[in-house]
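Trainee: My structure is stored as coords-v4.txt, with compact mmCIF, C-alpha atoms.
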```txt
# COMPACT_ATOMS: atom_id res chain seq x y z
CA MET P 1 -18.42 30.88 -22.08
CA ARG P 2 -16.73 33.90 -20.59
CA TYR P 3 -13.00 34.52 -21.10
CA ARG P 4 -12.03 33.81 -17.51
CA SER P 5 -13.85 30.47 -17.64
CA THR P 6 -11.92 29.36 -20.72
CA LEU P 7 -8.61 29.31 -18.84
CA PRO P 8 -9.03 25.96 -17.00
CA ALA P 9 -10.57 24.36 -20.08
CA THR P 10 -7.57 25.47 -22.16
CA ALA P 11 -5.19 24.12 -19.53
CA VAL P 12 -6.96 20.75 -19.51
CA LEU P 13 -6.79 20.49 -23.31
CA ALA P 14 -3.09 21.42 -23.26
CA MET P 15 -2.40 18.72 -20.64
CA ALA P 16 -4.30 16.12 -22.68
CA ALA P 17 -2.20 17.02 -25.74
CA LEU P 18 1.03 16.78 -23.72
CA ILE P 19 0.14 13.34 -22.33
CA ALA P 20 -0.82 12.09 -25.79
CA THR P 21 2.55 13.31 -27.11
CA VAL P 22 4.75 11.97 -24.30
CA GLY P 23 2.90 8.66 -23.91
CA PRO P 24 3.31 6.26 -20.97
CA VAL P 25 6.39 6.67 -18.84
CA SER P 26 7.72 4.70 -15.90
CA ALA P 27 6.41 5.27 -12.39
CA ALA P 28 7.85 8.42 -10.87
CA GLU P 29 7.82 10.18 -7.54
CA GLY P 30 6.01 13.04 -9.25
CA GLU P 31 2.75 12.67 -11.15
CA LEU P 32 0.57 14.87 -13.33
CA GLY P 33 -2.76 14.17 -14.97
CA LEU P 34 -6.46 14.83 -15.51
CA SER P 35 -9.51 14.72 -13.24
CA ALA P 36 -13.23 14.51 -13.94
CA GLY P 37 -16.31 14.01 -11.81
CA PHE P 38 -19.28 15.72 -10.22
CA THR P 39 -19.92 18.41 -7.61
CA LEU P 40 -22.97 18.79 -5.38
CA PRO P 41 -22.81 22.58 -4.87
CA ALA P 42 -24.23 24.31 -1.82
CA HIS P 43 -27.56 26.12 -2.21
CA GLU P 44 -25.81 29.23 -0.96
CA ILE P 45 -23.74 29.25 -4.18
CA THR P 46 -26.39 28.31 -6.74
CA GLY P 47 -29.32 30.14 -5.13
CA ARG P 48 -31.52 27.10 -5.79
CA PHE P 49 -33.00 26.99 -2.26
CA GLY P 50 -35.81 24.53 -1.69
CA ARG P 51 -34.84 22.44 -4.71
CA THR P 52 -33.16 19.08 -4.91
CA ILE P 53 -29.40 19.41 -5.23
CA GLU P 54 -28.30 18.29 -8.67
CA PRO P 55 -24.72 17.40 -9.58
CA ASP P 56 -22.68 19.69 -11.82
CA VAL P 57 -19.84 18.42 -14.01
CA THR P 58 -16.32 19.10 -12.71
CA TYR P 59 -13.00 18.58 -14.51
CA GLY P 60 -9.43 19.73 -14.05
CA LEU P 61 -5.74 18.97 -13.47
CA ARG P 62 -3.93 17.18 -10.67
CA GLY P 63 -0.27 17.02 -9.69
CA GLY P 64 1.43 15.15 -6.86
CA MET P 65 4.81 14.40 -5.30
CA VAL P 66 5.69 11.47 -3.02
CA ILE P 67 7.61 12.58 0.08
CA SER P 68 7.54 9.28 2.02
CA PRO P 69 5.90 5.83 1.72
CA ARG P 70 2.84 7.18 3.55
CA PHE P 71 2.61 10.83 2.51
CA GLU P 72 2.10 12.50 -0.86
CA LEU P 73 1.80 16.24 -1.46
CA PHE P 74 -0.69 17.25 -4.12
CA ALA P 75 -2.29 20.25 -5.83
CA ASP P 76 -5.27 20.34 -8.13
CA LEU P 77 -7.12 22.89 -10.23
CA THR P 78 -10.77 22.18 -11.05
CA PHE P 79 -13.49 23.90 -13.01
CA THR P 80 -17.23 23.51 -12.39
CA SER P 81 -20.10 24.93 -14.43
CA LEU P 82 -22.83 25.86 -11.93
CA GLU P 83 -26.52 25.70 -12.71
CA THR P 84 -27.97 28.66 -10.80
CA VAL P 85 -31.23 30.59 -10.47
CA ALA P 86 -32.26 32.74 -13.42
CA LEU P 87 -31.42 35.95 -11.56
CA MET P 88 -27.71 35.18 -11.56
CA LYS P 89 -27.53 33.16 -14.78
CA ASP P 90 -25.37 30.05 -14.76
CA GLY P 91 -22.06 30.50 -12.99
CA ASP P 92 -18.53 29.14 -13.15
CA ALA P 93 -16.40 28.02 -10.23
CA ILE P 94 -12.62 27.71 -10.38
CA GLU P 95 -11.04 25.95 -7.38
CA PHE P 96 -7.39 25.52 -6.44
CA ARG P 97 -6.53 23.11 -3.63
CA THR P 98 -3.28 21.86 -2.11
CA GLY P 99 -2.70 19.40 0.68
CA VAL P 100 -1.48 15.93 1.61
CA ASP P 101 -2.65 12.34 1.06
CA PHE P 102 -2.04 9.84 3.86
CA MET P 103 -1.64 6.29 2.49
CA MET P 104 -3.09 3.63 4.80
CA ASN P 105 -1.34 0.66 3.16
CA PRO P 106 1.92 1.92 1.61
CA GLY P 107 3.81 -0.36 -0.72
CA GLU P 108 0.73 -1.98 -2.23
CA ALA P 109 -0.53 -1.45 -5.77
CA GLU P 110 -4.00 -0.62 -4.44
CA ARG P 111 -3.87 1.94 -1.64
CA TRP P 112 -6.60 3.50 0.46
CA PHE P 113 -5.94 7.08 1.51
CA VAL P 114 -7.38 10.02 3.38
CA SER P 115 -6.61 13.60 2.41
CA ALA P 116 -6.59 17.02 4.02
CA ALA P 117 -6.15 20.30 2.15
CA LEU P 118 -6.69 24.05 1.99
CA GLY P 119 -8.09 25.75 -1.07
CA TYR P 120 -9.25 28.89 -2.83
CA SER P 121 -12.32 29.26 -5.08
CA ASP P 122 -13.45 32.01 -7.43
CA ILE P 123 -17.19 32.14 -8.26
CA ASP P 124 -18.10 34.02 -11.47
CA TYR P 125 -21.77 34.71 -12.31
CA GLY P 126 -20.98 37.31 -14.97
CA ARG P 127 -22.31 40.06 -12.70
CA LYS P 128 -19.79 41.87 -10.56
CA PHE P 129 -22.29 42.47 -7.77
CA TYR P 130 -22.70 38.75 -7.20
CA ASP P 131 -19.20 37.49 -8.04
CA PHE P 132 -17.04 36.54 -5.04
CA ASP P 133 -14.18 34.34 -3.91
CA TYR P 134 -13.50 32.39 -0.72
CA THR P 135 -11.09 30.02 1.01
CA PHE P 136 -12.03 26.57 2.27
CA GLY P 137 -10.76 23.47 4.02
CA ALA P 138 -11.18 20.04 2.45
CA VAL P 139 -11.14 16.46 3.70
CA GLY P 140 -11.64 13.32 1.66
CA PHE P 141 -10.98 9.64 1.23
CA GLY P 142 -10.47 7.31 -1.73
CA GLN P 143 -8.34 4.66 -3.34
CA ARG P 144 -5.38 4.75 -5.71
CA TYR P 145 -4.42 2.02 -8.17
CA GLU P 146 -1.08 1.47 -9.89
CA VAL P 147 -1.61 0.55 -13.54
CA GLN P 148 0.74 -0.21 -16.43
CA GLY P 149 3.07 2.37 -17.93
CA GLY P 150 3.60 4.34 -14.72
CA ARG P 151 -0.03 5.47 -14.62
CA ARG P 152 -2.14 5.87 -11.50
CA LEU P 153 -5.91 5.72 -11.40
CA ARG P 154 -7.68 7.10 -8.34
CA TRP P 155 -11.15 7.90 -7.11
CA GLU P 156 -11.93 10.30 -4.30
CA VAL P 157 -14.91 11.68 -2.43
CA ARG P 158 -14.30 14.93 -0.59
CA ALA P 159 -16.05 17.73 1.23
CA ASP P 160 -15.03 21.40 0.82
CA LEU P 161 -16.10 23.52 3.78
CA ASN P 162 -16.19 27.31 4.05
CA PRO P 163 -16.76 27.91 7.78
CA SER P 164 -17.52 31.65 7.74
CA GLY P 165 -19.25 32.59 4.48
CA ALA P 166 -18.03 34.94 1.77
CA GLY P 167 -19.24 37.67 -0.55
CA PRO P 168 -23.05 37.84 -0.44
CA ILE P 169 -23.15 34.66 1.65
CA ASP P 170 -22.93 35.28 5.38
CA GLU P 171 -23.09 31.70 6.64
CA TRP P 172 -21.03 28.53 6.30
CA PHE P 173 -21.58 26.27 3.31
CA LEU P 174 -20.36 22.88 2.09
CA ASN P 175 -19.65 21.46 -1.37
CA VAL P 176 -19.34 17.69 -1.92
CA ARG P 177 -17.26 16.38 -4.83
CA SER P 178 -16.54 12.98 -6.34
CA LEU P 179 -13.58 12.82 -8.74
CA VAL P 180 -11.74 10.23 -10.78
CA SER P 181 -8.15 11.04 -11.78
CA LEU P 182 -5.68 9.46 -14.18
CA THR P 183 -2.10 10.61 -13.72
CA TRP P 184 1.24 9.85 -15.36
CA GLY P 185 4.61 9.61 -13.62
CA LEU P 186 7.08 12.36 -14.46
CA SER P 187 10.11 10.89 -16.25
CA GLY P 188 13.63 11.74 -15.17
CA SER P 189 12.84 11.88 -11.46
CA ARG P 190 14.65 9.99 -8.72
CA TRP P 191 11.78 7.49 -8.61
CA ASP P 192 12.27 6.77 -12.32
CA ARG P 193 16.04 6.32 -11.99
CA ASP P 194 15.60 4.16 -8.90
CA SER P 195 12.54 2.23 -10.01
CA ASP P 196 14.08 -1.11 -8.97
CA ARG P 197 16.29 -0.10 -6.08
CA ASP P 198 17.05 -3.61 -4.80
CA GLY P 199 17.54 -5.11 -8.28
CA ASP P 200 15.09 -7.96 -7.80
CA GLY P 201 13.23 -7.33 -11.06
CA VAL P 202 10.09 -5.96 -9.35
CA PRO P 203 9.35 -2.23 -10.00
CA ARG P 204 9.58 -0.07 -6.92
CA ASN P 205 5.94 0.99 -7.08
CA LEU P 206 4.87 -2.67 -6.85
CA ASP P 207 7.66 -3.92 -4.54
CA ARG P 208 6.38 -4.64 -1.03
CA CYS P 209 9.93 -5.44 0.15
CA PRO P 210 12.10 -2.75 -1.54
CA ASP P 211 15.25 -3.58 0.45
CA THR P 212 15.66 -7.29 -0.46
CA ALA P 213 19.32 -8.35 -0.49
CA THR P 214 20.94 -8.50 -3.93
CA GLY P 215 20.65 -11.89 -5.61
CA TRP P 216 17.98 -13.35 -3.33
CA PRO P 217 15.08 -15.15 -5.07
CA VAL P 218 11.84 -13.16 -4.65
CA ASP P 219 8.11 -13.67 -5.22
CA GLU P 220 5.84 -11.52 -7.42
CA ALA P 221 5.57 -8.91 -4.65
CA GLY P 222 9.37 -8.52 -4.44
CA CYS P 223 9.70 -10.26 -1.06
CA ALA P 224 12.34 -12.91 -0.38
CA LEU P 225 11.22 -16.48 -0.94
CA ASP P 226 11.25 -18.96 1.94
CA SER P 227 10.50 -22.24 0.20
CA ASP P 228 10.63 -24.44 3.30
CA GLY P 229 8.85 -21.96 5.58
CA ASP P 230 11.52 -21.97 8.27
CA GLY P 231 11.77 -18.18 8.49
CA ILE P 232 15.14 -18.07 6.72
CA PRO P 233 15.07 -16.58 3.17
CA ASP P 234 16.21 -18.90 0.39
CA GLY P 235 19.01 -16.45 -0.39
CA ARG P 236 20.86 -17.41 2.81
CA ASP P 237 19.28 -20.76 3.66
CA ALA P 238 21.99 -23.47 3.72
CA CYS P 239 19.28 -26.14 4.09
CA PRO P 240 16.42 -25.11 1.77
CA ASN P 241 14.39 -28.30 2.37
CA THR P 242 14.00 -28.13 6.15
CA HIS P 243 10.83 -29.79 7.43
CA PRO P 244 8.08 -27.18 8.06
CA ARG P 245 7.79 -28.11 11.74
CA ALA P 246 11.51 -28.31 12.43
CA ILE P 247 13.20 -25.51 14.36
CA ALA P 248 15.93 -23.92 12.23
CA GLY P 249 19.03 -22.00 13.18
CA ASP P 250 20.32 -18.79 11.63
CA ASP P 251 21.68 -20.72 8.65
CA GLY P 252 18.32 -22.34 7.95
CA CYS P 253 19.41 -25.83 9.02
CA ALA P 254 17.39 -27.79 11.54
CA LEU P 255 18.61 -27.77 15.14
CA ASP P 256 19.21 -31.06 16.99
CA SER P 257 19.87 -30.19 20.62
CA ASP P 258 20.34 -33.78 21.87
CA GLY P 259 22.28 -35.00 18.81
CA ASP P 260 19.98 -37.96 18.06
CA ASN P 261 19.49 -36.97 14.38
CA VAL P 262 15.84 -36.02 14.92
CA ALA P 263 15.34 -32.27 14.49
CA ASP P 264 14.06 -30.08 17.30
CA GLY P 265 10.40 -29.44 16.72
CA LEU P 266 9.94 -33.02 15.51
CA ASP P 267 11.67 -34.65 18.51
CA ASN P 268 9.21 -35.86 21.15
CA CYS P 269 12.09 -36.63 23.50
CA PRO P 270 14.46 -33.66 23.15
CA ASP P 271 16.73 -34.73 26.07
CA THR P 272 17.78 -38.19 24.85
CA PRO P 273 21.14 -39.24 26.42
CA LYS P 274 24.13 -39.17 24.11
CA GLY P 275 24.71 -42.45 22.28
CA ALA P 276 21.18 -43.81 22.67
CA LEU P 277 19.41 -45.13 19.60
CA VAL P 278 16.04 -43.49 18.91
CA GLY P 279 12.90 -44.08 16.89
CA LEU P 280 11.39 -41.83 14.24
CA ARG P 281 9.92 -39.51 16.89
CA GLY P 282 13.26 -39.07 18.66
CA CYS P 283 12.55 -41.23 21.72
CA PRO P 284 15.17 -43.79 22.87
CA LEU P 285 14.71 -47.49 22.12
CA ASP P 286 15.02 -50.25 24.74
CA THR P 287 14.67 -53.58 22.92
CA ASP P 288 15.18 -55.86 25.96
CA ARG P 289 13.25 -53.53 28.27
CA ASP P 290 15.86 -53.53 30.99
CA GLY P 291 15.77 -49.75 31.43
CA ILE P 292 19.05 -49.19 29.60
CA TYR P 293 18.63 -47.61 26.18
CA ASP P 294 19.86 -49.34 23.01
CA GLY P 295 23.17 -47.87 21.92
CA ILE P 296 24.20 -47.56 25.58
CA ASP P 297 23.18 -51.14 26.52
CA ARG P 298 26.22 -53.47 26.18
CA CYS P 299 24.03 -56.50 26.76
CA PRO P 300 21.05 -55.79 24.45
CA ASP P 301 19.55 -59.31 24.85
CA THR P 302 19.14 -59.42 28.64
CA GLN P 303 16.37 -61.79 29.70
CA ALA P 304 13.19 -60.27 31.00
CA GLY P 305 13.22 -59.60 34.72
CA ALA P 306 16.98 -59.73 35.08
CA THR P 307 18.66 -57.13 37.27
CA VAL P 308 21.22 -55.15 35.27
CA ASN P 309 23.94 -52.61 35.98
CA ALA P 310 24.39 -49.18 34.40
CA LEU P 311 25.76 -50.80 31.23
CA GLY P 312 22.69 -53.04 30.82
CA CYS P 313 24.43 -56.28 31.76
CA PRO P 314 23.05 -58.71 34.42
CA TYR P 315 24.71 -58.88 37.82
```
If you convert what's in this file into structure tokens, what do you get?

Mentor:
Amino acid sequence: MRYRSTLPATAVLAMAALIATVGPVSAAEGELGLSAGFTLPAHEITGRFGRTIEPDVTYGLRGGMVISPRFELFADLTFTSLETVALMKDGDAIEFRTGVDFMMNPGEAERWFVSAALGYSDIDYGRKFYDFDYTFGAVGFGQRYEVQGGRRLRWEVRADLNPSGAGPIDEWFLNVRSLVSLTWGLSGSRWDRDSDRDGDGVPRNLDRCPDTATGWPVDEAGCALDSDGDGIPDGRDACPNTHPRAIAGDDGCALDSDGDNVADGLDNCPDTPKGALVGLRGCPLDTDRDGIYDGIDRCPDTQAGATVNALGCPY
């Protein structure tokens, strides 16, 4: 392997040694790690026109920095050994790329993302006449997983496009890459110091509700519990056993607009007059069926058919 081609390999080995020495660290806003995968190089680069495109092994380094819940800046350096036509011998490609990942579901341990980047590549065939470099644009998509020890595992499929050609190539060409990366969080960052910002015991990288009030009970995702399902978190629910269908106020206690002791939402007769006795469904009772509700009726045993006054007593 030529001297220039040994540089990325040396960098990869140095990074592997560093990670092995440092070991797992907590999740950080910054990350650094290793990548490996395959590249389907353009015929314009390999010179293998008319032949089936075969994948070449790619490996390298990746670094990233979170700038918001949805955006992460990144840079990567990759090395690919190209199988070319006999005229040029096998070549080496060194690519540097920097851009941004857009997270589609921020806050979750498993996140889909799309990426956009600009890059630079140096192609070395060992013959100065054929060697060249070029710039390219890249787009891709993939998924990132949070794993134990502050590590992140991701896969990505991307396309690197040179729109204008370069060196001996006078037309556009496209490389397709598939990469798997394993990165470690950088200790000592703000993310590391603030890994559990709301103090609920759920690490920030796994916390879907990172601003939960201090002391509130939370579930495994770090979101406030609502045991009775009334929309009021247990941390400020004065009535934690409210019926699921009852309408609750700001304090989590069931509302009772007509004061009949049957909660709104369960009350089939929400406008019961004050003082009337009601059944389980909140509707007023009228035992003697004189039209005057029990509790208001001063003569609750009026005979059937009798004419009564507003107090329920016969004339």

Trainee: Hey, can you check how far CA of Pro55 in chain P sits from CA of Ala117 in chain P?

Mentor: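 Going from CA of Pro55 in chain P over to CA of Ala117 in chain P covers 22.2 Å.
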
Trainee: How far is it from CA of Arg151 in chain P to CA of Gly33 in chain P, in Å with one decimal?

Mentor: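 Atom-to-atom, CA of Arg151 in chain P and CA of Gly33 in chain P are spaced 9.1 Å apart.
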
Trainee: Report, in Å to a single decimal, how far apart CA of Phe79 in chain P and CA of Gly142 in chain P are.

Mentor: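 We find that CA of Gly142 in chain P and CA of Phe79 in chain P lie 20.3 Å from each other.
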
Trainee: Closest to Ile67 in chain P among P:Met103, P:Ala254, P:Leu82, P:Leu179, using only C-alpha atoms?

Mentor: P:Met103

Trainee: Within 12 Å of (-20.3, 34.1, 3.8), in the coordinates the file gives, what residues turn up when you count all atoms listed in the file, written out as a PDB file with C-alpha atoms, keeping the file's coordinate frame?

Mentor:
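Just written: result-v3.pdb:
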```pdb
ATOM      1  CA  ALA P  42     -24.230  24.310  -1.820  1.00  0.00           C
ATOM      2  CA  GLU P  44     -25.810  29.230  -0.960  1.00  0.00           C
ATOM      3  CA  ILE P  45     -23.740  29.250  -4.180  1.00  0.00           C
ATOM      4  CA  PHE P 132     -17.040  36.540  -5.040  1.00  0.00           C
ATOM      5  CA  ASP P 133     -14.180  34.340  -3.910  1.00  0.00           C
ATOM      6  CA  TYR P 134     -13.500  32.390  -0.720  1.00  0.00           C
ATOM      7  CA  THR P 135     -11.090  30.020   1.010  1.00  0.00           C
ATOM      8  CA  PHE P 136     -12.030  26.570   2.270  1.00  0.00           C
ATOM      9  CA  LEU P 161     -16.100  23.520   3.780  1.00  0.00           C
ATOM     10  CA  ASN P 162     -16.190  27.310   4.050  1.00  0.00           C
ATOM     11  CA  PRO P 163     -16.760  27.910   7.780  1.00  0.00           C
ATOM     12  CA  SER P 164     -17.520  31.650   7.740  1.00  0.00           C
ATOM     13  CA  GLY P 165     -19.250  32.590   4.480  1.00  0.00           C
ATOM     14  CA  ALA P 166     -18.030  34.940   1.770  1.00  0.00           C
ATOM     15  CA  GLY P 167     -19.240  37.670  -0.550  1.00  0.00           C
ATOM     16  CA  PRO P 168     -23.050  37.840  -0.440  1.00  0.00           C
ATOM     17  CA  ILE P 169     -23.150  34.660   1.650  1.00  0.00           C
ATOM     18  CA  ASP P 170     -22.930  35.280   5.380  1.00  0.00           C
ATOM     19  CA  GLU P 171     -23.090  31.700   6.640  1.00  0.00           C
ATOM     20  CA  TRP P 172     -21.030  28.530   6.300  1.00  0.00           C
ATOM     21  CA  PHE P 173     -21.580  26.270   3.310  1.00  0.00           C
ATOM     22  CA  LEU P 174     -20.360  22.880   2.090  1.00  0.00           C
TER      23      LEU P 174
END
```

Trainee: Write out as a list in words the residues lying within 8 Å of Gly312 in chain P, counting all atoms listed in the file and excluding same-chain residues fewer than 3 positions away.

Mentor: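 Residues near the query, excluding close chain neighbours: Asp290, Gly291, Ile292, Ile296, Asp297, Arg298, Cys299, Pro300, Thr302, Val308 and Asn309 of chain P.
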
Trainee: Which residues are close to Ala221 in chain P, i.e. within 7 Å by all atoms listed in the file, leaving aside same-chain residues fewer than 2 positions away? Reply as number ranges by chain.

Mentor: P: 206-208, 219, 223

Trainee: Using all atoms listed in the file, which residues sit within 8 Å of Ser35 in chain P once same-chain residues fewer than 4 positions away are excluded, as a list of chain:residue names?

Mentor: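 Returned residues: P:Tyr59, P:Gly60, P:Leu61, P:Arg62, P:Thr78, P:Leu179, P:Val180, P:Ser181, P:Leu182.
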
Trainee: The centre and edge lengths of an axis-aligned box containing all atoms of range 215-228 of chain P present in the file, extended by 5 Å on each side, are to be given in Å to one decimal, as JSON.

Mentor:
```
{"center_x": 13.1, "center_y": -16.5, "center_z": -2.1, "size_x": 25.1, "size_y": 25.9, "size_z": 20.7}
```

Trainee: Might you pull out every residue within 9 Å of Phe38 in chain P, with only C-alpha atoms counted and same-chain residues fewer than 6 positions away left off, and present them as a list in words?

Mentor: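 Residues meeting the cut-off are Pro55, Asp56, Val57, Thr58, Tyr59, Thr80, Val176, Arg177, Ser178 and Leu179 of chain P.
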
Trainee: Atoms to include: C-alpha atoms. Write the selected residues as a compact mmCIF listing (two decimals), in the coordinates of the input.

Mentor:
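result33.txt, written as the output of this step:
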```
# COMPACT_ATOMS: atom_id res chain seq x y z
CA PRO P 55 -24.72 17.40 -9.58
CA ASP P 56 -22.68 19.69 -11.82
CA VAL P 57 -19.84 18.42 -14.01
CA THR P 58 -16.32 19.10 -12.71
CA TYR P 59 -13.00 18.58 -14.51
CA THR P 80 -17.23 23.51 -12.39
CA VAL P 176 -19.34 17.69 -1.92
CA ARG P 177 -17.26 16.38 -4.83
CA SER P 178 -16.54 12.98 -6.34
CA LEU P 179 -13.58 12.82 -8.74
```

Trainee: With distances taken over all atoms listed in the file, which of P:Glu110, P:Asp122, P:Asp101, P:Asp264 is nearest to Ser81 in chain P?

Mentor: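 Under the stated criterion, the closest residue is P:Asp122.
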
Trainee: Check the smallest atom-to-atom distance from each of P:Ala75, P:Cys209, P:Leu153, P:Cys269 to Pro106 in chain P using only C-alpha atoms, then report the winner.

Mentor: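 Closest candidate: P:Cys209.
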
Trainee: Would you list the residues near (14.8, -37.6, 23.2), meaning any protein, DNA or RNA residue with an atom at most 9 Å from that point in file coordinates, counting only C-alpha atoms, as number ranges by chain?

Mentor: P: 258, 260, 262, 267-273, 276, 278, 281-284
